[in-house]
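Q: Contents are mmCIF, C-alpha atoms; file name final.cif:
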data_target
loop_
_atom_site.label_atom_id
_atom_site.label_comp_id
_atom_site.auth_asym_id
_atom_site.auth_seq_id
_atom_site.Cartn_x
_atom_site.Cartn_y
_atom_site.Cartn_z
CA MET A 25 83.36 98.21 117.06
CA LYS A 26 85.33 100.50 114.73
CA LYS A 27 85.92 104.03 115.79
CA LYS A 28 86.97 106.94 113.63
CA PHE A 29 90.36 108.19 114.74
CA PHE A 30 91.38 110.44 111.89
CA ALA A 31 89.29 112.98 109.95
CA ILE A 32 91.19 112.43 106.72
CA PHE A 33 88.85 114.47 104.60
CA ALA A 34 89.33 117.63 106.64
CA ILE A 35 91.36 119.03 103.79
CA LEU A 36 92.59 122.61 104.06
CA LEU A 37 95.58 124.56 102.88
CA SER A 38 98.88 122.92 103.83
CA LEU A 39 97.28 119.66 104.93
CA SER A 40 99.75 116.87 105.66
CA ALA A 41 97.87 113.58 105.32
CA CYS A 42 100.50 110.89 105.08
CA ASP A 43 102.56 111.46 108.18
CA PHE A 44 105.21 109.16 109.52
CA GLN A 45 103.56 109.17 112.91
CA SER A 46 105.59 107.58 115.70
CA ARG A 47 104.34 104.36 117.21
CA ALA A 48 104.18 105.98 120.63
CA ASP A 49 102.06 108.86 119.38
CA PHE A 50 99.82 106.49 117.47
CA GLU A 51 99.19 104.30 120.50
CA LYS A 52 98.18 107.33 122.55
CA GLU A 53 95.27 107.82 120.16
CA LEU A 54 93.91 104.33 120.70
CA SER A 55 91.57 103.26 123.45
CA ALA A 56 90.84 99.75 122.18
CA ALA A 57 91.32 96.94 124.63
CA ASP A 58 91.25 94.05 122.20
CA LYS A 59 92.74 93.24 118.84
CA LYS A 60 90.49 94.59 116.11
CA GLU A 61 90.25 93.16 112.62
CA ASP A 62 88.11 94.30 109.72
CA LYS A 63 86.11 91.25 108.68
CA ASN A 64 83.26 92.95 106.85
CA PHE A 65 84.99 95.57 104.72
CA VAL A 66 83.51 95.50 101.23
CA MET A 67 85.04 97.43 98.37
CA PRO A 68 82.70 99.01 95.82
CA LYS A 69 82.29 97.09 92.59
CA ILE A 70 84.57 98.46 89.89
CA ALA A 71 84.69 97.49 86.23
CA TYR A 72 87.71 97.73 83.98
CA GLN A 73 88.46 99.01 80.55
CA LYS A 74 89.33 96.54 77.89
CA ALA A 75 92.69 96.80 76.18
CA GLY A 76 92.65 99.61 73.65
CA GLU A 77 89.97 101.59 75.51
CA GLU A 78 92.34 103.56 77.74
CA GLU A 79 91.16 107.11 78.38
CA ASN A 80 93.24 109.82 76.79
CA THR A 81 95.61 111.06 79.52
CA SER A 82 97.80 113.41 77.51
CA PRO A 83 98.49 116.69 79.33
CA LYS A 84 95.61 119.12 79.04
CA GLU A 85 96.12 122.72 78.06
CA LYS A 86 96.97 125.08 80.91
CA SER A 87 94.28 127.43 82.16
CA GLU A 88 94.27 130.38 84.50
CA ASP A 89 92.69 128.15 87.15
CA ASP A 90 95.67 125.78 87.21
CA LEU A 91 98.16 125.82 90.06
CA ASP A 92 101.37 127.70 89.34
CA LEU A 93 103.61 125.09 90.91
CA ILE A 94 106.87 126.85 90.04
CA ASN A 95 105.63 130.01 91.72
CA LEU A 96 104.50 128.01 94.75
CA TYR A 97 107.56 125.81 95.24
CA GLY A 98 110.31 126.92 92.89
CA THR A 99 112.04 124.61 90.42
CA GLY A 100 113.23 121.33 91.87
CA LYS A 101 115.89 118.94 90.70
CA ASN A 102 115.90 115.24 89.95
CA GLY A 103 118.84 112.86 89.99
CA LYS A 104 120.71 110.49 92.30
CA ASN A 105 122.55 111.07 95.57
CA LEU A 106 121.31 114.65 95.81
CA ASN A 107 121.68 116.93 98.78
CA PRO A 108 117.97 117.59 99.45
CA GLN A 109 118.64 121.28 100.06
CA ASP A 110 119.78 121.53 96.44
CA ALA A 111 116.74 119.68 95.05
CA VAL A 112 113.91 121.60 96.74
CA GLY A 113 111.09 122.67 94.42
CA ASN A 114 108.56 121.31 91.96
CA ILE A 115 109.56 118.10 90.15
CA ILE A 116 106.34 116.97 88.43
CA ASP A 117 103.47 119.02 86.97
CA THR A 118 100.99 116.68 85.27
CA ASN A 119 97.40 115.47 85.39
CA ILE A 120 95.21 112.45 86.07
CA GLY A 121 92.21 112.74 83.79
CA ASP A 122 91.37 116.46 83.89
CA SER A 123 92.86 116.96 87.36
CA GLN A 124 96.19 118.73 87.63
CA PHE A 125 98.59 117.67 90.37
CA GLY A 126 102.20 118.36 91.24
CA ILE A 127 104.94 116.57 93.15
CA SER A 128 107.55 118.71 94.88
CA LEU A 129 110.35 118.30 97.40
CA ARG A 130 109.93 120.47 100.48
CA PRO A 131 111.18 120.66 104.07
CA SER A 132 109.17 118.25 106.19
CA SER A 133 106.47 119.55 108.52
CA GLN A 134 106.85 116.37 110.59
CA MET A 135 110.56 116.27 111.38
CA GLN A 136 112.96 119.19 111.71
CA GLY A 137 115.81 119.05 109.20
CA ALA A 138 114.11 116.42 107.03
CA TYR A 139 112.63 116.66 103.53
CA SER A 140 109.46 115.10 102.11
CA ALA A 141 107.60 114.73 98.82
CA ILE A 142 104.56 117.01 98.64
CA LEU A 143 101.56 116.07 96.49
CA SER A 144 99.65 119.24 95.50
CA TYR A 145 96.29 119.63 93.78
CA LYS A 146 93.04 121.57 93.94
CA ARG A 147 89.93 120.35 95.74
CA ASN A 148 86.88 122.61 95.82
CA ASN A 149 89.04 125.27 94.22
CA GLU A 150 91.44 125.25 97.19
CA LEU A 151 95.07 124.17 97.27
CA THR A 152 95.50 120.79 98.96
CA GLU A 153 98.91 119.45 100.03
CA ARG A 154 99.71 115.97 101.26
CA GLU A 155 103.11 115.11 102.67
CA PHE A 156 104.80 111.77 102.04
CA GLY A 157 107.98 111.14 103.99
CA PRO A 158 110.29 112.17 105.54
CA ILE A 159 112.66 110.85 102.86
CA ALA A 160 116.04 112.47 103.57
CA GLY A 161 117.94 114.95 105.70
CA VAL A 162 117.94 112.91 108.93
CA SER A 163 120.37 110.14 109.88
CA GLY A 164 118.89 106.65 110.35
CA ILE A 165 115.89 106.99 108.05
CA ASN A 166 115.21 104.98 104.88
CA THR A 167 112.08 105.84 102.87
CA THR A 168 110.84 105.10 99.36
CA VAL A 169 107.78 106.83 97.90
CA THR A 170 106.35 105.97 94.46
CA PHE A 171 103.70 107.75 92.40
CA ASP A 172 102.00 105.50 89.82
CA LYS A 173 99.17 105.75 87.31
CA ILE A 174 96.72 102.84 87.17
CA SER A 175 93.57 102.30 85.12
CA SER A 176 89.90 101.56 85.73
CA GLU A 177 86.73 101.85 83.69
CA SER A 178 86.00 105.20 85.31
CA GLY A 179 89.36 106.56 84.16
CA PRO A 180 92.99 106.80 85.30
CA MET A 181 93.81 106.78 89.00
CA LEU A 182 96.82 107.77 91.09
CA LEU A 183 98.42 105.30 93.52
CA VAL A 184 100.91 106.69 96.03
CA SER A 185 102.92 104.16 98.04
CA GLN A 186 105.39 104.67 100.89
CA VAL A 187 107.67 102.30 102.81
CA SER A 188 109.78 103.69 105.67
CA ILE A 189 112.15 102.66 108.43
CA ASN A 190 112.98 105.31 111.00
CA ASN A 191 115.44 103.84 113.45
CA GLY A 192 113.29 101.31 115.36
CA GLU A 193 109.96 102.16 113.71
CA THR A 194 108.60 100.71 110.46
CA TYR A 195 105.77 102.08 108.37
CA SER A 196 104.05 101.52 105.03
CA ALA A 197 101.11 103.29 103.37
CA TYR A 198 99.14 103.02 100.13
CA TYR A 199 96.83 105.83 98.95
CA LEU A 200 94.47 105.62 95.96
CA PHE A 201 93.02 108.73 94.27
CA ASN A 202 90.49 108.82 91.42
CA LYS A 203 90.65 111.09 88.36
CA PHE A 204 89.07 113.91 90.38
CA MET A 205 91.81 113.57 93.02
CA SER A 206 89.31 112.29 95.56
CA LEU A 207 90.83 109.85 98.04
CA MET A 208 89.09 106.51 97.35
CA ASP A 209 90.95 104.12 99.65
CA TYR A 210 94.06 103.87 101.77
CA LEU A 211 95.89 101.41 104.01
CA VAL A 212 98.51 102.23 106.67
CA PHE A 213 100.64 99.63 108.49
CA ARG A 214 102.90 100.22 111.54
CA THR A 215 105.26 98.15 113.67
CA SER A 216 108.31 98.90 115.80
CA THR A 217 110.98 97.14 117.82
CA GLU A 218 108.98 98.10 120.92
CA ASN A 219 105.87 96.41 119.50
CA ILE A 220 106.27 93.99 116.59
CA MET A 221 102.51 93.35 116.46
CA PRO A 222 101.14 95.30 113.47
CA SER A 223 98.50 97.99 113.56
CA VAL A 224 96.40 98.61 110.45
CA GLU A 225 94.39 101.69 109.53
CA ARG A 226 91.96 101.84 106.59
CA LEU A 227 89.95 104.88 105.57
CA GLY A 228 90.19 106.37 109.05
CA ASP A 229 89.31 103.16 110.91
CA VAL A 230 91.81 101.17 112.99
CA VAL A 231 90.94 97.71 111.68
CA GLU A 232 93.68 95.75 113.43
CA TYR A 233 95.51 96.51 116.65
CA THR A 234 96.79 94.73 119.76
CA ASP A 235 97.25 96.70 122.96
CA GLN A 236 99.53 93.97 124.35
CA ALA A 237 102.95 95.18 123.17
CA VAL A 238 105.48 92.53 122.16
CA ALA A 239 109.07 93.71 121.84
CA GLY A 240 111.41 92.26 119.23
CA ASP A 241 114.11 93.07 116.72
CA LEU A 242 113.79 95.11 113.53
CA ASN A 243 113.65 92.07 111.26
CA GLN A 244 110.70 90.67 113.23
CA ALA A 245 108.91 94.02 113.07
CA ILE A 246 109.35 94.24 109.30
CA THR A 247 108.42 90.59 108.70
CA ASN A 248 105.23 90.90 110.74
CA ARG A 249 104.25 94.07 108.92
CA MET A 250 104.86 92.53 105.49
CA ASN A 251 102.87 89.42 106.45
CA THR A 252 99.98 91.68 107.43
CA GLU A 253 100.30 93.64 104.19
CA ASP A 254 99.97 90.33 102.34
CA ARG A 255 96.56 89.87 103.95
CA TYR A 256 95.20 93.35 103.24
CA LEU A 257 96.78 94.65 100.03
CA PRO A 258 94.96 92.24 97.67
CA SER A 259 91.61 93.72 98.76
CA MET A 260 92.84 97.14 97.65
CA LEU A 261 95.01 96.37 94.61
CA ASP A 262 93.80 93.13 93.01
CA ILE A 263 90.64 94.75 91.75
CA TYR A 264 92.81 97.10 89.67
CA GLY A 265 95.10 94.34 88.46
CA VAL A 266 98.04 95.82 90.40
CA LYS A 267 100.71 93.40 91.59
CA TYR A 268 103.30 94.23 94.22
CA ARG A 269 106.85 93.12 94.95
CA PRO A 270 109.27 93.32 97.89
CA LEU A 271 111.42 96.43 98.19
CA THR A 272 115.00 95.51 99.06
CA SER A 273 117.29 98.25 100.35
CA LEU A 274 120.41 98.84 102.40
CA TYR A 275 119.83 99.55 106.06
CA GLN A 276 122.39 99.40 108.86
CA ASN A 277 124.88 98.04 106.29
CA LYS A 278 122.64 95.09 105.39
CA GLU A 279 120.36 94.42 102.44
CA ILE A 280 116.86 93.84 103.83
CA ASP A 281 113.30 93.56 102.54
CA MET A 282 111.64 96.76 103.79
CA GLY A 283 108.09 96.27 102.54
CA TYR A 284 106.06 96.12 99.32
CA LEU A 285 105.81 98.47 96.36
CA PRO A 286 103.56 98.25 93.29
CA ASP A 287 105.20 96.29 90.48
CA ILE A 288 104.76 99.14 87.99
CA THR A 289 107.31 100.30 85.43
CA GLY A 290 107.55 102.40 82.28
CA GLU A 291 105.40 105.45 81.66
CA ASN A 292 102.95 104.48 84.41
CA ARG A 293 105.66 105.08 87.02
CA ILE A 294 105.34 108.85 87.36
CA LEU A 295 108.06 109.34 89.98
CA ILE A 296 110.08 107.45 92.56
CA THR A 297 111.75 109.26 95.45
CA ARG A 298 113.92 107.42 97.95
CA THR A 299 116.65 107.78 100.52
CA THR A 300 120.04 107.31 98.86
CA SER A 301 121.55 103.96 99.95
CA SER A 302 124.78 104.60 101.82
CA SER A 303 126.88 102.65 104.30
CA GLU A 304 128.22 105.86 105.87
CA ASN A 305 125.62 108.57 105.33
CA MET A 306 122.28 106.74 105.41
CA GLY A 307 119.32 109.08 105.58
CA MET A 308 120.99 112.29 104.46
CA ASN A 309 120.72 112.30 100.65
CA ILE A 310 117.92 111.58 98.19
CA ASP A 311 117.31 109.95 94.80
CA ILE A 312 114.54 111.51 92.67
CA GLU A 313 113.86 109.66 89.42
CA LYS A 314 111.23 110.29 86.76
#
What does the file become when written as structure tokens?
A:
Amino acid sequence: MKKKFFAIFAILLSLSACDFQSRADFEKELSAADKKEDKNFVMPKIAYQKAGEEENTSPKEKSEDDLDLINLYGTGKNGKNLNPQDAVGNIIDTNIGDSQFGISLRPSSQMQGAYSAILSYKRNNELTEREFGPIAGVSGINTTVTFDKISSESGPMLLVSQVSINNGETYSAYYLFNKFMSLMDYLVFRTSTENIMPSVERLGDVVEYTDQAVAGDLNQAITNRMNTEDRYLPSMLDIYGVKYRPLTSLYQNKEIDMGYLPDITGENRILITRTTSSSENMGMNIDIEK
């Protein structure tokens, strides 16, 4: 029987909703004795716009009710191999449908000395912040976060994807917001070298988990997570016509497949933020590309 472990819609000021939670901390929250798998999850039926019927998504005129993202975060910086301290501030100020949102680089609330991407928007006339990361500022981490626009009959949607390795822990997450910036669906996958058996969370439910830990190496942990992603991601992304591809990156001086990212390019790729690949300084600097 599923149990609710996270109240994801308890959204208040300075909410961090996409944390890189450690495997140990995550397992403390679980009381399941058996492996759990979601066999009855049914997505709502969604229709699609035909070509040429895309909703107008040009930036709307600013109003006094909009967030002043520069005032909130300062002016950020984009580029490659940046010291994150020098790039802090707002990077993106745009909209999905009529909903304004911003993407900024800020010090992480999860890990001292690290920096994360912050997604900011208004819900019920209150500022909402969601943290994606950490991305840089800490040795041994490798994270990529993408922000993409996708389409449906009901209007444009925002897909935020994250793939991370933090020393012996691996993590991936995929969050889908509608044009009102309501969270419609999400999937979170975790493995580690201490337990290479994946855990899966969807919309606040732990839908797959094994309490019998199996230790292994980092490659096994990543492979098992990606195999599990292959089973779940189609139920979230196929209905929107979104394909995904492996993310290959340098880690511990080797090129490895870290996880999956949406295969989206061009103007629909709003922003990509990632740890700068480095054989000597991995985890410290950041790439921010529009």
Q: On this structure, which residues satisfy the PyMOL selection byres ((chain A and resi 171) around 6), written as a VMD selection string?
A: chain A and resid 170 172 183 to 184 294 to 295
Q: Between A:Val231, A:Leu143, A:Thr297, A:Asn107, single out the one closest to Val162 of chain A, counting all atoms listed in the file.
A: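 Under the stated criterion, the closest residue is A:Asn107.
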Q: Using only C-alpha atoms, which residues sit within 7 Å of Val212 of chain A once same-chain residues fewer than 3 positions away are excluded, as a ChimeraX atom specification?
A: /A:196-198,224-226
Q: Those selected residues, please, written with C-alpha atoms and delivered as an mmCIF file, keeping the file's coordinate frame.
A:
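Result written to result_15.cif:
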data_model
loop_
_atom_site.group_PDB
_atom_site.id
_atom_site.type_symbol
_atom_site.label_atom_id
_atom_site.label_comp_id
_atom_site.auth_asym_id
_atom_site.auth_seq_id
_atom_site.Cartn_x
_atom_site.Cartn_y
_atom_site.Cartn_z
ATOM 1 C CA SER A 196 104.050 101.520 105.030
ATOM 2 C CA ALA A 197 101.110 103.290 103.370
ATOM 3 C CA TYR A 198 99.140 103.020 100.130
ATOM 4 C CA VAL A 224 96.400 98.610 110.450
ATOM 5 C CA GLU A 225 94.390 101.690 109.530
ATOM 6 C CA ARG A 226 91.960 101.840 106.590
#
Q: Neighbouring residues of Asn191 of chain A were defined as those with any atom within 10 Å, considering all atoms listed in the file; residues of the same chain fewer than 3 positions away were excluded. Please report them as a list in words.
A: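 So, after excluding close chain neighbours, the residues are Ser163, Gly164, Ile165, Asn166, Ser188, Thr194, Ser216, Thr217, Leu242, Tyr275 and Gln276 of chain A.
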Q: Applied to this file, what does the PyMOL selection byres ((chain A and resi 311) around 8) return in terms of residues, put as a VMD selection string?
A: chain A and resid 102 to 106 296 to 300 309 to 310 312 to 313
Q: One decimal, in Å: what's the spacing between atom CA of Glu193 of chain A and atom CA of Ser259 of chain A?
A: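 Atom-to-atom, atom CA of Glu193 of chain A to atom CA of Ser259 of chain A, that is 25.1 Å.
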Q: Looking at A:Asn243, A:Ser140, A:Thr215, A:Thr152, which one is nearest to Phe125 of chain A, with distances taken over all atoms listed in the file?
A: A:Thr152
Q: For the file shown, report as number ranges by chain the outcome of the PyMOL selection byres ((chain A and resi 123) around 8) at residue level.
A: A: 119-122, 124-125, 145, 203-205
Q: Using all atoms listed in the file, which residue out of A:Leu261, A:Ile189, A:Ile159, A:Val230 lies closest to Met282 of chain A?
A: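 Residue with the minimum atom-to-atom distance to Met282 of chain A: A:Ile189.
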Q: Let me make sure I understand: among A:Arg293, A:Ser301, A:Gly283, A:Asp209, which one has the smallest atom-to-atom distance to Ile116 of chain A if we use only C-alpha atoms?
A: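 Of A:Arg293, A:Ser301, A:Gly283, A:Asp209, the one nearest Ile116 of chain A is A:Arg293, counting only C-alpha atoms.
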Q: Counting all atoms listed in the file, figure out which residue out of A:Arg255, A:Arg130, A:Arg249, A:Lys101 gets nearest to Asn219 of chain A.
A: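 Using all atoms listed in the file, Asn219 of chain A sits closest to A:Arg249.
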Q: Interatomic distance between atom CA of Ser302 of chain A and atom CA of Asn277 of chain A?
A: 7.9 Å
Q: List every protein, DNA or RNA residue that has an atom no more than 6 Å from (92.4, 108.7, 88.7) in the file's coordinate frame, counting all atoms listed in the file, and report them as an mmCIF file with C-alpha atoms, keeping the file's coordinate frame.
A:
data_model
loop_
_atom_site.group_PDB
_atom_site.id
_atom_site.type_symbol
_atom_site.label_atom_id
_atom_site.label_comp_id
_atom_site.auth_asym_id
_atom_site.auth_seq_id
_atom_site.Cartn_x
_atom_site.Cartn_y
_atom_site.Cartn_z
ATOM 1 C CA ILE A 120 95.210 112.450 86.070
ATOM 2 C CA GLY A 179 89.360 106.560 84.160
ATOM 3 C CA PRO A 180 92.990 106.800 85.300
ATOM 4 C CA MET A 181 93.810 106.780 89.000
ATOM 5 C CA LEU A 182 96.820 107.770 91.090
ATOM 6 C CA PHE A 201 93.020 108.730 94.270
ATOM 7 C CA ASN A 202 90.490 108.820 91.420
ATOM 8 C CA LYS A 203 90.650 111.090 88.360
#
Q: List the neighbours of Arg214 of chain A out to 6 Å using only C-alpha atoms; skip same-chain residues closer than 3 positions along the sequence, and give me the result as a PyMOL selection string.
A: chain A and resi 194-195+222-223
